[in-house]
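Chemist: Here you go, one structure.
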Amino acid sequence: MKPSTMAFLTHFPFHPIHHHSSSLFTRLLFSSKPKTLLILSALSSPQTSLSHFSTTSSLETLQDISITEQTHLQIAQEKLFIPPDTEICSERGPRILKGSNIVLSKYARDAQVVSAEFVKSSVETEACPADGLPEFALVGRSNVGKSSLLNSIVKRKKLAMTSKKPGKTQCINHFRINDSWYLVDLPGYGYASAPNELRKDWNKFTRDYFLNRSTLVSVFLLIDASIPAKKIDLEYASWLGQNQVPMTIIFTKCDKRKKKKNGGKHPEENVQDFQDLISEYFEAVPPWIMTSSVTNQGRDEILLHMAQLRNYWLKH
């Protein structure tokens, strides 16, 4: 490990590299090939012909459209996340989910949310549901908009309770979707006002959940794109990378535009900066999606991404 790596691992105690039992994409994210730098070319010239894929009209009717002004990302093909068992047509290029680096695969089906219900809260991994259904865990810094995003995904205003006071989620909360998979709401990190012992407990059972939950398909790490990268977010991403926990980066609050004259950056710039900072911890590009709970940007893309990961996981 590089000396610089240790500076980012203070949030969690360091453990040796752990091969997650459900890590479908370990070979993609942590291959033995020479390291591929993760750089978001949001503001650069296109290096290949890519087709961005809209999900605005229907998750069932998949149609290619031209890239829109709202999602003006140009991404080199080597910086895409290509799911396993996915072939790219050399003539027309890959189909990419809008506002992301994720290539659409044949497993992107049954993405709609028909039903959603709260199942239980747990304070240890062993107490989580034992029915073997695949699950996706949402985690992020306190006040990153985690509960709002969860509610947006399922189109329910109060499935996950939002609060003006950060740090209210204190358990592993399971929500069953379509009676076939789970969304998991994990405690937020970085809330300084929480008691120290309580923060230690959150860290412990969250860490145990990441390393030992066999039905975990992917962790969705939420990052606030309206502000510059935070050290604690870099620590969390690097810890997941070091322990080979499957991860998708969800950039939140992408509707917020800071005024340039006040030194603020656009979300696209903060996204690129974050990608640059974590690039040394990953052998290949992690999937990422830009979102907004206010405009519902990225909602359908998240569901399609979850669907293709989930369907591949179930098959293999």
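Identifiers for the structure tokens are assigned positionally: chains receive A, B, ... in sequence, residues are indexed from 1 per chain, and ligands are indexed from 1 in the order shown.
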Would you mind listing, for every residue of stretch 103-175 of chain A within 8 Å of stretch 182-186 of chain A, the two atoms forming the shortest contact and the distance between them in Å to one decimal, using only C-alpha atoms, sorted by chain and ascending residue number, as CSV?
Modeler:
```
residue,atom,partner,partner_atom,distance
A:Leu133,CA,A:Tyr182,CA,7.0
A:Pro134,CA,A:Tyr182,CA,6.3
A:Glu135,CA,A:Tyr182,CA,4.4
A:Phe136,CA,A:Leu183,CA,5.1
A:Ala137,CA,A:Val184,CA,4.4
A:Leu138,CA,A:Asp185,CA,5.2
A:Val139,CA,A:Leu186,CA,5.4
A:Lys146,CA,A:Asp185,CA,7.9
A:Ser147,CA,A:Asp185,CA,7.8
A:Thr169,CA,A:Leu186,CA,6.9
A:Gln170,CA,A:Leu186,CA,7.5
A:Cys171,CA,A:Leu186,CA,6.5
A:Ile172,CA,A:Leu186,CA,5.1
A:Asn173,CA,A:Asp185,CA,5.0
A:His174,CA,A:Val184,CA,4.7
A:Phe175,CA,A:Leu183,CA,5.2
```
Chemist: Generate the output file for the selected residues, N, CA, C and O atoms, as a PDB file, in the first residue's frame.
Modeler:
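Final output, out-v5.pdb:
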```pdb
ATOM      1  N   LEU A 133     -32.583 -12.733  -0.480  1.00  0.00           N
ATOM      2  CA  LEU A 133     -32.866 -11.825  -1.589  1.00  0.00           C
ATOM      3  C   LEU A 133     -31.695 -10.860  -1.784  1.00  0.00           C
ATOM      4  O   LEU A 133     -31.059 -10.431  -0.824  1.00  0.00           O
ATOM      5  N   PRO A 134     -31.409 -10.482  -3.026  1.00  0.00           N
ATOM      6  CA  PRO A 134     -30.315  -9.533  -3.284  1.00  0.00           C
ATOM      7  C   PRO A 134     -30.641  -8.155  -2.735  1.00  0.00           C
ATOM      8  O   PRO A 134     -31.813  -7.768  -2.652  1.00  0.00           O
ATOM      9  N   GLU A 135     -29.598  -7.414  -2.363  1.00  0.00           N
ATOM     10  CA  GLU A 135     -29.845  -6.096  -1.782  1.00  0.00           C
ATOM     11  C   GLU A 135     -28.767  -5.093  -2.170  1.00  0.00           C
ATOM     12  O   GLU A 135     -27.637  -5.437  -2.490  1.00  0.00           O
ATOM     13  N   PHE A 136     -29.207  -3.824  -2.139  1.00  0.00           N
ATOM     14  CA  PHE A 136     -28.350  -2.687  -2.448  1.00  0.00           C
ATOM     15  C   PHE A 136     -28.367  -1.753  -1.243  1.00  0.00           C
ATOM     16  O   PHE A 136     -29.432  -1.362  -0.780  1.00  0.00           O
ATOM     17  N   ALA A 137     -27.192  -1.393  -0.765  1.00  0.00           N
ATOM     18  CA  ALA A 137     -27.083  -0.576   0.439  1.00  0.00           C
ATOM     19  C   ALA A 137     -26.745   0.861   0.087  1.00  0.00           C
ATOM     20  O   ALA A 137     -25.825   1.121  -0.701  1.00  0.00           O
ATOM     21  N   LEU A 138     -27.490   1.807   0.650  1.00  0.00           N
ATOM     22  CA  LEU A 138     -27.227   3.224   0.474  1.00  0.00           C
ATOM     23  C   LEU A 138     -26.491   3.751   1.696  1.00  0.00           C
ATOM     24  O   LEU A 138     -26.942   3.573   2.831  1.00  0.00           O
ATOM     25  N   VAL A 139     -25.364   4.408   1.468  1.00  0.00           N
ATOM     26  CA  VAL A 139     -24.610   4.970   2.578  1.00  0.00           C
ATOM     27  C   VAL A 139     -23.990   6.284   2.124  1.00  0.00           C
ATOM     28  O   VAL A 139     -23.700   6.468   0.934  1.00  0.00           O
ATOM     29  N   LYS A 146     -29.626  11.098   1.611  1.00  0.00           N
ATOM     30  CA  LYS A 146     -29.818   9.659   1.447  1.00  0.00           C
ATOM     31  C   LYS A 146     -31.293   9.266   1.514  1.00  0.00           C
ATOM     32  O   LYS A 146     -31.787   8.528   0.646  1.00  0.00           O
ATOM     33  N   SER A 147     -32.001   9.726   2.545  1.00  0.00           N
ATOM     34  CA  SER A 147     -33.418   9.374   2.681  1.00  0.00           C
ATOM     35  C   SER A 147     -34.246   9.957   1.542  1.00  0.00           C
ATOM     36  O   SER A 147     -35.164   9.313   1.036  1.00  0.00           O
ATOM     37  N   THR A 169     -30.593   8.198  11.150  1.00  0.00           N
ATOM     38  CA  THR A 169     -30.571   6.776  10.846  1.00  0.00           C
ATOM     39  C   THR A 169     -29.507   6.110  11.702  1.00  0.00           C
ATOM     40  O   THR A 169     -28.330   6.436  11.601  1.00  0.00           O
ATOM     41  N   GLN A 170     -29.931   5.181  12.573  1.00  0.00           N
ATOM     42  CA  GLN A 170     -28.997   4.579  13.521  1.00  0.00           C
ATOM     43  C   GLN A 170     -28.983   3.063  13.435  1.00  0.00           C
ATOM     44  O   GLN A 170     -28.342   2.407  14.261  1.00  0.00           O
ATOM     45  N   CYS A 171     -29.671   2.493  12.450  1.00  0.00           N
ATOM     46  CA  CYS A 171     -29.746   1.043  12.297  1.00  0.00           C
ATOM     47  C   CYS A 171     -29.582   0.670  10.830  1.00  0.00           C
ATOM     48  O   CYS A 171     -29.539   1.534   9.958  1.00  0.00           O
ATOM     49  N   ILE A 172     -29.474  -0.636  10.583  1.00  0.00           N
ATOM     50  CA  ILE A 172     -29.523  -1.148   9.225  1.00  0.00           C
ATOM     51  C   ILE A 172     -30.993  -1.367   8.888  1.00  0.00           C
ATOM     52  O   ILE A 172     -31.633  -2.259   9.432  1.00  0.00           O
ATOM     53  N   ASN A 173     -31.537  -0.520   8.022  1.00  0.00           N
ATOM     54  CA  ASN A 173     -32.967  -0.550   7.714  1.00  0.00           C
ATOM     55  C   ASN A 173     -33.209  -1.211   6.366  1.00  0.00           C
ATOM     56  O   ASN A 173     -32.697  -0.749   5.343  1.00  0.00           O
ATOM     57  N   HIS A 174     -34.000  -2.285   6.365  1.00  0.00           N
ATOM     58  CA  HIS A 174     -34.298  -3.029   5.145  1.00  0.00           C
ATOM     59  C   HIS A 174     -35.689  -2.679   4.611  1.00  0.00           C
ATOM     60  O   HIS A 174     -36.674  -2.728   5.351  1.00  0.00           O
ATOM     61  N   PHE A 175     -35.746  -2.337   3.325  1.00  0.00           N
ATOM     62  CA  PHE A 175     -36.994  -2.071   2.624  1.00  0.00           C
ATOM     63  C   PHE A 175     -37.112  -3.085   1.482  1.00  0.00           C
ATOM     64  O   PHE A 175     -36.237  -3.152   0.622  1.00  0.00           O
TER      65      PHE A 175
END
```
Chemist: At a cut-off of 9 Å, using only C-alpha atoms, what residues contact A:Asn178? Leave out same-chain residues fewer than 4 positions from it and give the result as a ChimeraX atom specification.
Modeler: /A:112-117,182
Chemist: What does the file look like for those residues with N, CA, C and O atoms, as a PDB file, in the first residue's frame?
Modeler:
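Done, and the output landed in result-v9.pdb:
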```
ATOM      1  N   GLN A 112     -38.853  -1.517 -12.886  1.00  0.00           N
ATOM      2  CA  GLN A 112     -39.828  -0.664 -12.210  1.00  0.00           C
ATOM      3  C   GLN A 112     -40.037  -1.074 -10.760  1.00  0.00           C
ATOM      4  O   GLN A 112     -39.928  -2.250 -10.402  1.00  0.00           O
ATOM      5  N   VAL A 113     -40.353  -0.085  -9.929  1.00  0.00           N
ATOM      6  CA  VAL A 113     -40.746  -0.350  -8.549  1.00  0.00           C
ATOM      7  C   VAL A 113     -42.265  -0.403  -8.493  1.00  0.00           C
ATOM      8  O   VAL A 113     -42.944   0.589  -8.745  1.00  0.00           O
ATOM      9  N   VAL A 114     -42.790  -1.567  -8.188  1.00  0.00           N
ATOM     10  CA  VAL A 114     -44.242  -1.764  -8.091  1.00  0.00           C
ATOM     11  C   VAL A 114     -44.704  -1.654  -6.639  1.00  0.00           C
ATOM     12  O   VAL A 114     -45.753  -1.090  -6.341  1.00  0.00           O
ATOM     13  N   SER A 115     -43.904  -2.186  -5.733  1.00  0.00           N
ATOM     14  CA  SER A 115     -44.259  -2.134  -4.315  1.00  0.00           C
ATOM     15  C   SER A 115     -42.997  -1.927  -3.487  1.00  0.00           C
ATOM     16  O   SER A 115     -41.895  -2.322  -3.882  1.00  0.00           O
ATOM     17  N   ALA A 116     -43.168  -1.279  -2.349  1.00  0.00           N
ATOM     18  CA  ALA A 116     -42.050  -1.033  -1.433  1.00  0.00           C
ATOM     19  C   ALA A 116     -42.591  -0.998  -0.017  1.00  0.00           C
ATOM     20  O   ALA A 116     -43.590  -0.341   0.259  1.00  0.00           O
ATOM     21  N   GLU A 117     -41.930  -1.726   0.881  1.00  0.00           N
ATOM     22  CA  GLU A 117     -42.376  -1.754   2.268  1.00  0.00           C
ATOM     23  C   GLU A 117     -41.192  -1.879   3.213  1.00  0.00           C
ATOM     24  O   GLU A 117     -40.197  -2.533   2.901  1.00  0.00           O
ATOM     25  N   TYR A 182     -34.009  -5.971  -1.947  1.00  0.00           N
ATOM     26  CA  TYR A 182     -34.012  -4.995  -0.860  1.00  0.00           C
ATOM     27  C   TYR A 182     -33.221  -3.743  -1.204  1.00  0.00           C
ATOM     28  O   TYR A 182     -32.178  -3.799  -1.860  1.00  0.00           O
TER      29      TYR A 182
END
```
Chemist: At a cut-off of 8 Å, using only C-alpha atoms, what residues contact A:Gly241? Leave out same-chain residues fewer than 6 positions from it and give the result as a VMD selection string.
Modeler: chain A and resid 247 281 to 282
Chemist: Okay, now the selection with N, CA and C atoms, as a PDB file, in the first residue's frame?
Modeler:
```pdb
ATOM      1  N   MET A 247     -18.996  -1.344  -5.380  1.00  0.00           N
ATOM      2  CA  MET A 247     -19.430   0.023  -5.087  1.00  0.00           C
ATOM      3  C   MET A 247     -19.896   0.736  -6.341  1.00  0.00           C
ATOM      4  N   TYR A 281      -7.074   4.303  -5.967  1.00  0.00           N
ATOM      5  CA  TYR A 281      -7.516   3.168  -5.167  1.00  0.00           C
ATOM      6  C   TYR A 281      -8.223   2.097  -5.988  1.00  0.00           C
ATOM      7  N   PHE A 282      -8.405   2.323  -7.283  1.00  0.00           N
ATOM      8  CA  PHE A 282      -9.184   1.387  -8.091  1.00  0.00           C
ATOM      9  C   PHE A 282      -8.424   1.003  -9.351  1.00  0.00           C
TER      10      PHE A 282
END
```
Chemist: Would you mind reading off the distance between atom CA of A:Thr215 and atom CA of A:Ile102, one decimal, in Å?
Modeler: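 Answer for the atom CA of A:Thr215 to atom CA of A:Ile102 separation: 22.1 Å.
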Chemist: Atom CA of A:Val123 to atom CA of A:Tyr189: how many Å, to one decimal?
Modeler: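 We find that atom CA of A:Val123 and atom CA of A:Tyr189 lie 15.4 Å from each other.
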Chemist: Measuring atom to atom with only C-alpha atoms, identify which of A:Thr295, A:Ser148, A:Ser214, A:Ser142 is nearest to A:Thr125.
Modeler: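 With only C-alpha atoms as the atom set, the closest residue is A:Ser214.
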